[in-house]
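This report concerns only the one structure given below.
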Amino acid sequence: MPDPHSKHCAELRKVIHVDMDAFFAAVEQRDHPELRGQPVIVGGDPAGRGVVATCSYEARRFGIHSAMTAARARSLCPRAIFLRPRMDAYRETSRRVMGILRCYTPLVEPLSLDEAFLDVTAATTNGVLAVRIAREIRARIERETGLTASAGVSYNKLLAKLASDWRKPNGLFVVPPERGLAFLAPLPVGKLHGVGPATVKKLSAMGIHTVLDLRNASREILIAQFGKVGLWFYEVARGIDRRPVQPSRQRKSVGTERTFPENLADPKVMLATLQQMAGQVSDHLHTLGLAGRTVSIKARFPDFATVTRAHTDAQAIWRTEAISACLPGLLAKAIPAGLPVHASVRLLGVTVSGLVNVEAVPPEAGQMNLLEEVIGFLR
């Protein structure tokens with residue numbers, strides 16, 4: 001175990017991770033009592049190319065999960081009730097939940113509409129236990145919103161998030177410092193923050209399957225195989241996560257994308273669709289008071305190959321006209337002539353990144369020199 005007198009342990013925080021249970025589906029069941037106890041799926045059209053955004057626990061018993069195709073979900077549970085998302089209702093409920101969290105500490109870091117980290121270190125200096133705060137938060141959420149939340153309490157973000165998933169739904173789990181290493185040891189490495197499927201495969205080839213296996217690997221080997229990320233793996237395997245809870249997280253991009261019920265084959269329709277998206281992105285940028293220096297588009301083809309192309313300029317833009325001006329050239333680069341496999345697309349997207357506050361943008365900004373940068377060809 002870590003030395004309790006070490007600098008690291010002296011800096012241990014009291015962190016809570018709150019995660020709403022099946023949030024979108026739970027809001028629907030709350031607002032429509034006839035749906036309670038039913039397998040509810042919120043997402044796209046099962047007759048098309050929709051995907052599951054979330055589903056009730058009744059639906060999860062059939063093996064349905066987020067990001068699964070809606071068609072697959074229907075095949076697993078033919079009696080499932082499919083609903084289209086009501087984002088306004090979810091945002092309003094999320095606002096109320098986040099308001100409850102901020103009653104306990106200003107250090108609240110939302111990760112999405114339905115989950116957030118809280119640093120309650122200061123709130124516990126008078127002897128109040130972090131677990132007591134977590135209990136009060138869960139009780140208030142249920143009382144004031146009619147929904148349940150699960151919570152994890154620990155000494156850093158890594159363990160708090162893992163703990164919140166331990167007794168879902170409507171559960172509370174605590175990982176104190178003296179139990180951190182034992183809690184982590186048997187977990188599959190894929191449970192760790194930053195370890196995706198490709199990394200799991202690479203670690204597995206090295207004979208590393210659990211966090212204990214990862215802990216037994218030397219720092220030198222991990223850094224040699226994964227670079228700087230290897231140091232992160234070395235530390236999290238030992239229960240060390242130095243990331244602070246950040247109340248304001250800097251947004252890196254604003255974008256939108258759309259998967260079509262039928263592939264688009266006409267370049268004119270593709271361009272018109274991208275221009276419509278540009279207007280949506282511009283509206284969002286305007287609402288946030290942001291502008292960006294890079295405009296990119298994404299195109300996904302019938303074989304699921306995905307291409308991203310971008311233009312970057314020294315001046316930041318946010319107006320629809322300026323974003324739209326980049327699109328014809330980007331589309332031509334994303335879908336070159338003479339490639340039959342790329343004659344149609346199943347998804348298009350527009351993103352603006354390299355964001356700055358709009359106050360910092362000269363009034364005349366709005367044009368780009370269209371210096372092209374190919375972000376890459378992704379699969």
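Every chain in the structure tokens has a letter given in the order shown (A, B, ...), and although residue numbers restart at 1 in each chain, ligands are simply numbered from 1 in the order shown.
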- Excluding same-chain residues fewer than 5 positions from A:Gln250, what lies within 12 Å of it counting only C-alpha atoms, as a VMD selection string? chain A and resid 109 to 111 288 290 353 to 357
Please produce an output containing N, CA, C and O atoms for each residue in the selection, written as a PDB file, in the first residue's frame.
ATOM      1  N   GLU A 109     -17.506  19.153 -11.720  1.00  0.00           N
ATOM      2  CA  GLU A 109     -17.049  18.988 -13.110  1.00  0.00           C
ATOM      3  C   GLU A 109     -18.033  18.088 -13.862  1.00  0.00           C
ATOM      4  O   GLU A 109     -17.945  16.859 -13.770  1.00  0.00           O
ATOM      5  N   PRO A 110     -18.975  18.677 -14.585  1.00  0.00           N
ATOM      6  CA  PRO A 110     -19.895  17.840 -15.375  1.00  0.00           C
ATOM      7  C   PRO A 110     -19.141  17.144 -16.507  1.00  0.00           C
ATOM      8  O   PRO A 110     -18.317  17.756 -17.195  1.00  0.00           O
ATOM      9  N   LEU A 111     -19.422  15.873 -16.687  1.00  0.00           N
ATOM     10  CA  LEU A 111     -18.844  15.115 -17.798  1.00  0.00           C
ATOM     11  C   LEU A 111     -19.832  15.002 -18.946  1.00  0.00           C
ATOM     12  O   LEU A 111     -19.444  14.839 -20.092  1.00  0.00           O
ATOM     13  N   LEU A 288     -22.435  30.165 -27.568  1.00  0.00           N
ATOM     14  CA  LEU A 288     -21.341  29.984 -26.622  1.00  0.00           C
ATOM     15  C   LEU A 288     -20.370  31.160 -26.603  1.00  0.00           C
ATOM     16  O   LEU A 288     -19.502  31.223 -25.730  1.00  0.00           O
ATOM     17  N   LEU A 290     -18.138  31.790 -29.008  1.00  0.00           N
ATOM     18  CA  LEU A 290     -16.863  31.241 -29.455  1.00  0.00           C
ATOM     19  C   LEU A 290     -16.704  31.370 -30.965  1.00  0.00           C
ATOM     20  O   LEU A 290     -17.677  31.523 -31.702  1.00  0.00           O
ATOM     21  N   SER A 353     -13.004  23.881 -34.791  1.00  0.00           N
ATOM     22  CA  SER A 353     -12.132  23.690 -33.636  1.00  0.00           C
ATOM     23  C   SER A 353     -11.105  24.814 -33.581  1.00  0.00           C
ATOM     24  O   SER A 353     -11.162  25.752 -34.364  1.00  0.00           O
ATOM     25  N   GLY A 354     -10.141  24.700 -32.676  1.00  0.00           N
ATOM     26  CA  GLY A 354      -9.204  25.793 -32.452  1.00  0.00           C
ATOM     27  C   GLY A 354      -9.936  27.005 -31.900  1.00  0.00           C
ATOM     28  O   GLY A 354      -9.792  28.126 -32.392  1.00  0.00           O
ATOM     29  N   LEU A 355     -10.736  26.789 -30.860  1.00  0.00           N
ATOM     30  CA  LEU A 355     -11.693  27.790 -30.407  1.00  0.00           C
ATOM     31  C   LEU A 355     -11.058  28.903 -29.567  1.00  0.00           C
ATOM     32  O   LEU A 355     -10.114  28.671 -28.805  1.00  0.00           O
ATOM     33  N   VAL A 356     -11.622  30.107 -29.731  1.00  0.00           N
ATOM     34  CA  VAL A 356     -11.260  31.269 -28.918  1.00  0.00           C
ATOM     35  C   VAL A 356     -12.543  32.022 -28.599  1.00  0.00           C
ATOM     36  O   VAL A 356     -13.569  31.830 -29.254  1.00  0.00           O
ATOM     37  N   ASN A 357     -12.493  32.884 -27.582  1.00  0.00           N
ATOM     38  CA  ASN A 357     -13.645  33.737 -27.295  1.00  0.00           C
ATOM     39  C   ASN A 357     -13.864  34.701 -28.449  1.00  0.00           C
ATOM     40  O   ASN A 357     -12.918  35.271 -28.993  1.00  0.00           O
TER      41      ASN A 357
END
Could you pull the residues within 9 Å of stretch 198-206 of chain A, counting only C-alpha atoms, minus those fewer than 5 positions along the same chain, as a PDB file with C-alpha atoms, in the first residue's frame?
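Writing the result to result-v2.pdb gives the following:
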ATOM      1  CA  PRO A 188      -9.759  -5.986 -16.345  1.00  0.00           C
ATOM      2  CA  VAL A 189      -7.431  -3.319 -17.753  1.00  0.00           C
ATOM      3  CA  GLY A 190     -10.247  -2.175 -20.040  1.00  0.00           C
ATOM      4  CA  LEU A 214      -0.291  -3.972 -15.244  1.00  0.00           C
TER       5      LEU A 214
END
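In this structure, atom CA of A:Trp232 sits 21.4 Å away from atom CA of A:Val153.
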- What is the atom CA of A:Asn156 to atom CA of A:Arg215 distance in Å? 17.8 Å
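For the atom pair formed by atom CA of A:Val128 and atom CA of A:Tyr104, the distance is 11.6 Å, given to one decimal.
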From a backbone DSSP assignment, name each residue in stretch 156-332 of chain A labelled alpha helix (DSSP H), as an mmCIF file with C-alpha atoms, in the first residue's frame.
data_model
loop_
_atom_site.group_PDB
_atom_site.id
_atom_site.type_symbol
_atom_site.label_atom_id
_atom_site.label_comp_id
_atom_site.auth_asym_id
_atom_site.auth_seq_id
_atom_site.Cartn_x
_atom_site.Cartn_y
_atom_site.Cartn_z
ATOM 1 C CA LYS A 157 -11.356 10.627 -9.934
ATOM 2 C CA LEU A 158 -10.242 7.259 -11.293
ATOM 3 C CA LEU A 159 -11.480 5.297 -8.301
ATOM 4 C CA ALA A 160 -14.586 7.410 -7.681
ATOM 5 C CA LYS A 161 -15.821 6.744 -11.222
ATOM 6 C CA LEU A 162 -15.123 3.028 -10.975
ATOM 7 C CA ALA A 163 -16.899 2.943 -7.603
ATOM 8 C CA SER A 164 -20.051 4.632 -8.929
ATOM 9 C CA GLY A 180 -7.548 1.228 -3.366
ATOM 10 C CA LEU A 181 -4.943 -1.247 -4.544
ATOM 11 C CA ALA A 182 -6.954 -4.312 -3.556
ATOM 12 C CA PHE A 183 -10.047 -2.927 -5.312
ATOM 13 C CA LEU A 184 -8.125 -2.292 -8.525
ATOM 14 C CA PRO A 197 -10.090 -1.748 -27.182
ATOM 15 C CA ALA A 198 -6.897 -1.325 -29.225
ATOM 16 C CA THR A 199 -4.834 -0.808 -26.074
ATOM 17 C CA VAL A 200 -6.499 -3.781 -24.379
ATOM 18 C CA LYS A 201 -5.462 -5.923 -27.344
ATOM 19 C CA LYS A 202 -1.873 -4.684 -27.176
ATOM 20 C CA LEU A 203 -1.685 -5.197 -23.416
ATOM 21 C CA SER A 204 -3.162 -8.670 -23.799
ATOM 22 C CA ALA A 205 -0.401 -9.555 -26.269
ATOM 23 C CA VAL A 211 -4.736 -4.180 -13.243
ATOM 24 C CA LEU A 212 -2.521 -6.390 -11.074
ATOM 25 C CA ASP A 213 -0.757 -7.597 -14.228
ATOM 26 C CA LEU A 214 -0.291 -3.972 -15.244
ATOM 27 C CA ARG A 215 1.071 -3.113 -11.800
ATOM 28 C CA ASN A 216 3.651 -5.873 -12.146
ATOM 29 C CA ARG A 219 7.753 1.534 -15.757
ATOM 30 C CA GLU A 220 10.457 1.212 -18.436
ATOM 31 C CA ILE A 221 8.550 -1.439 -20.399
ATOM 32 C CA LEU A 222 5.291 0.515 -20.285
ATOM 33 C CA ILE A 223 6.932 3.753 -21.426
ATOM 34 C CA ALA A 224 8.816 1.896 -24.179
ATOM 35 C CA GLN A 225 5.550 0.404 -25.471
ATOM 36 C CA PHE A 226 3.188 3.347 -24.963
ATOM 37 C CA LYS A 228 3.933 9.075 -22.103
ATOM 38 C CA VAL A 229 0.712 7.108 -21.778
ATOM 39 C CA GLY A 230 2.791 4.279 -20.338
ATOM 40 C CA LEU A 231 3.587 6.474 -17.323
ATOM 41 C CA TRP A 232 -0.135 7.089 -16.840
ATOM 42 C CA PHE A 233 -0.753 3.315 -16.916
ATOM 43 C CA TYR A 234 2.035 2.788 -14.385
ATOM 44 C CA GLU A 235 0.471 5.276 -11.978
ATOM 45 C CA VAL A 236 -3.221 4.339 -12.293
ATOM 46 C CA PRO A 267 -22.620 15.677 -54.421
ATOM 47 C CA LYS A 268 -25.023 18.615 -54.611
ATOM 48 C CA VAL A 269 -27.211 17.092 -51.910
ATOM 49 C CA MET A 270 -24.110 16.360 -49.830
ATOM 50 C CA LEU A 271 -22.966 19.985 -50.086
ATOM 51 C CA ALA A 272 -26.427 21.330 -49.271
ATOM 52 C CA THR A 273 -26.552 19.066 -46.230
ATOM 53 C CA LEU A 274 -23.126 20.234 -45.054
ATOM 54 C CA GLN A 275 -24.165 23.867 -45.494
ATOM 55 C CA GLN A 276 -27.245 23.256 -43.371
ATOM 56 C CA MET A 277 -24.984 21.781 -40.691
ATOM 57 C CA ALA A 278 -22.725 24.816 -40.957
ATOM 58 C CA GLY A 279 -25.671 26.970 -39.937
ATOM 59 C CA GLN A 280 -26.298 24.778 -36.900
ATOM 60 C CA VAL A 281 -22.641 24.927 -35.876
ATOM 61 C CA SER A 282 -22.600 28.697 -36.358
ATOM 62 C CA ASP A 283 -25.674 29.080 -34.148
ATOM 63 C CA HIS A 284 -24.039 26.985 -31.433
ATOM 64 C CA LEU A 285 -20.807 28.977 -31.635
ATOM 65 C CA HIS A 286 -22.792 32.209 -31.376
ATOM 66 C CA THR A 287 -24.628 30.933 -28.300
ATOM 67 C CA LEU A 288 -21.341 29.984 -26.622
ATOM 68 C CA THR A 320 -22.352 30.600 -41.359
ATOM 69 C CA GLU A 321 -21.092 32.171 -44.595
ATOM 70 C CA ALA A 322 -17.443 31.805 -43.590
ATOM 71 C CA ILE A 323 -17.861 28.199 -42.522
ATOM 72 C CA SER A 324 -19.845 27.364 -45.672
ATOM 73 C CA ALA A 325 -17.170 28.902 -47.895
ATOM 74 C CA CYS A 326 -14.795 26.113 -46.854
ATOM 75 C CA LEU A 327 -17.153 23.265 -47.610
ATOM 76 C CA PRO A 328 -16.962 22.813 -51.417
ATOM 77 C CA GLY A 329 -13.191 22.367 -51.356
ATOM 78 C CA LEU A 330 -13.295 20.119 -48.322
ATOM 79 C CA LEU A 331 -15.974 17.924 -49.854
ATOM 80 C CA ALA A 332 -13.969 17.600 -53.065
#
- Determine, counting only C-alpha atoms, which protein, DNA and RNA residues have an atom within 10 Å of an atom of stretch 43-49 of chain A; residues of the same chain fewer than 5 positions away are not included. Present the result as a ChimeraX atom specification. /A:24-25,54-55,66-75,82-86,259-262,346
Next, dump the selected residues to file, keeping only N, CA, C and O atoms, as a tab-separated table (two decimals), in the first residue's frame.
chain	number	residue	atom	x	y	z
A	24	PHE	N	-31.78	9.09	-19.78
A	24	PHE	CA	-32.83	9.45	-20.74
A	24	PHE	C	-34.06	8.56	-20.55
A	24	PHE	O	-35.20	9.04	-20.53
A	25	ALA	N	-33.84	7.25	-20.43
A	25	ALA	CA	-34.96	6.32	-20.26
A	25	ALA	C	-35.68	6.57	-18.94
A	25	ALA	O	-36.91	6.47	-18.87
A	54	THR	N	-29.67	5.39	-24.91
A	54	THR	CA	-29.67	4.72	-23.61
A	54	THR	C	-30.92	3.87	-23.54
A	54	THR	O	-31.82	3.98	-24.37
A	55	CYS	N	-30.97	3.01	-22.54
A	55	CYS	CA	-32.13	2.14	-22.39
A	55	CYS	C	-32.36	1.87	-20.92
A	55	CYS	O	-31.46	2.00	-20.09
A	66	SER	N	-26.01	0.98	-24.79
A	66	SER	CA	-25.80	2.21	-25.56
A	66	SER	C	-24.88	1.95	-26.73
A	66	SER	O	-23.94	1.13	-26.65
A	67	ALA	N	-25.13	2.66	-27.84
A	67	ALA	CA	-24.34	2.60	-29.08
A	67	ALA	C	-24.64	1.35	-29.92
A	67	ALA	O	-24.14	1.21	-31.03
A	68	MET	N	-25.46	0.43	-29.41
A	68	MET	CA	-25.90	-0.70	-30.22
A	68	MET	C	-26.86	-0.17	-31.29
A	68	MET	O	-27.57	0.81	-31.08
A	69	THR	N	-26.88	-0.80	-32.46
A	69	THR	CA	-27.84	-0.38	-33.46
A	69	THR	C	-29.25	-0.65	-32.96
A	69	THR	O	-29.51	-1.65	-32.28
A	70	ALA	N	-30.17	0.24	-33.31
A	70	ALA	CA	-31.55	0.07	-32.89
A	70	ALA	C	-32.15	-1.20	-33.48
A	70	ALA	O	-32.98	-1.86	-32.85
A	71	ALA	N	-31.74	-1.53	-34.70
A	71	ALA	CA	-32.25	-2.75	-35.33
A	71	ALA	C	-31.83	-3.99	-34.53
A	71	ALA	O	-32.64	-4.92	-34.33
A	72	ARG	N	-30.59	-4.01	-34.07
A	72	ARG	CA	-30.12	-5.13	-33.26
A	72	ARG	C	-30.88	-5.18	-31.93
A	72	ARG	O	-31.26	-6.26	-31.46
A	73	ALA	N	-31.13	-4.01	-31.35
A	73	ALA	CA	-31.87	-3.96	-30.09
A	73	ALA	C	-33.28	-4.53	-30.26
A	73	ALA	O	-33.76	-5.28	-29.41
A	74	ARG	N	-33.92	-4.20	-31.36
A	74	ARG	CA	-35.26	-4.73	-31.61
A	74	ARG	C	-35.23	-6.25	-31.77
A	74	ARG	O	-36.14	-6.96	-31.30
A	75	SER	N	-34.18	-6.77	-32.42
A	75	SER	CA	-34.11	-8.23	-32.59
A	75	SER	C	-33.92	-8.93	-31.25
A	75	SER	O	-34.40	-10.05	-31.05
A	82	PHE	N	-39.58	1.90	-28.33
A	82	PHE	CA	-38.57	2.83	-28.85
A	82	PHE	C	-39.11	4.26	-28.81
A	82	PHE	O	-40.22	4.53	-29.27
A	83	LEU	N	-38.32	5.17	-28.27
A	83	LEU	CA	-38.69	6.58	-28.17
A	83	LEU	C	-37.58	7.44	-28.74
A	83	LEU	O	-36.39	7.15	-28.55
A	84	ARG	N	-37.96	8.51	-29.42
A	84	ARG	CA	-36.98	9.48	-29.88
A	84	ARG	C	-36.59	10.39	-28.72
A	84	ARG	O	-37.41	10.69	-27.85
A	85	PRO	N	-35.34	10.84	-28.67
A	85	PRO	CA	-34.88	11.67	-27.54
A	85	PRO	C	-35.65	12.98	-27.43
A	85	PRO	O	-36.01	13.59	-28.44
A	86	ARG	N	-35.89	13.42	-26.19
A	86	ARG	CA	-36.46	14.73	-25.90
A	86	ARG	C	-35.39	15.54	-25.17
A	86	ARG	O	-35.39	15.62	-23.94
A	259	THR	N	-26.24	10.70	-39.51
A	259	THR	CA	-26.28	9.44	-40.24
A	259	THR	C	-27.61	9.38	-41.00
A	259	THR	O	-28.66	9.64	-40.42
A	260	PHE	N	-27.55	9.04	-42.28
A	260	PHE	CA	-28.73	9.13	-43.13
A	260	PHE	C	-29.46	7.80	-43.26
A	260	PHE	O	-28.82	6.74	-43.30
A	261	PRO	N	-30.80	7.83	-43.33
A	261	PRO	CA	-31.56	6.59	-43.52
A	261	PRO	C	-31.17	5.87	-44.80
A	261	PRO	O	-31.15	4.65	-44.86
A	262	GLU	N	-30.83	6.66	-45.84
A	262	GLU	CA	-30.35	6.10	-47.10
A	262	GLU	C	-29.08	6.86	-47.50
A	262	GLU	O	-28.99	8.07	-47.29
A	346	ARG	N	-22.81	7.55	-45.94
A	346	ARG	CA	-23.85	7.22	-44.96
A	346	ARG	C	-23.87	8.21	-43.81
A	346	ARG	O	-24.83	8.24	-43.03
- Query: In stretch 233-353 of chain A, what's strand (DSSP E) per DSSP? Answer as a ChimeraX atom specification?
  - Reply: /A:253-264,290-300,306-317,345-353
- Give the answer as one residue: which of A:Ile81, A:Ala149, A:Ala134, A:Val108 has the shortest atom-to-atom distance to A:Phe23, using only C-alpha atoms? A:Ala149
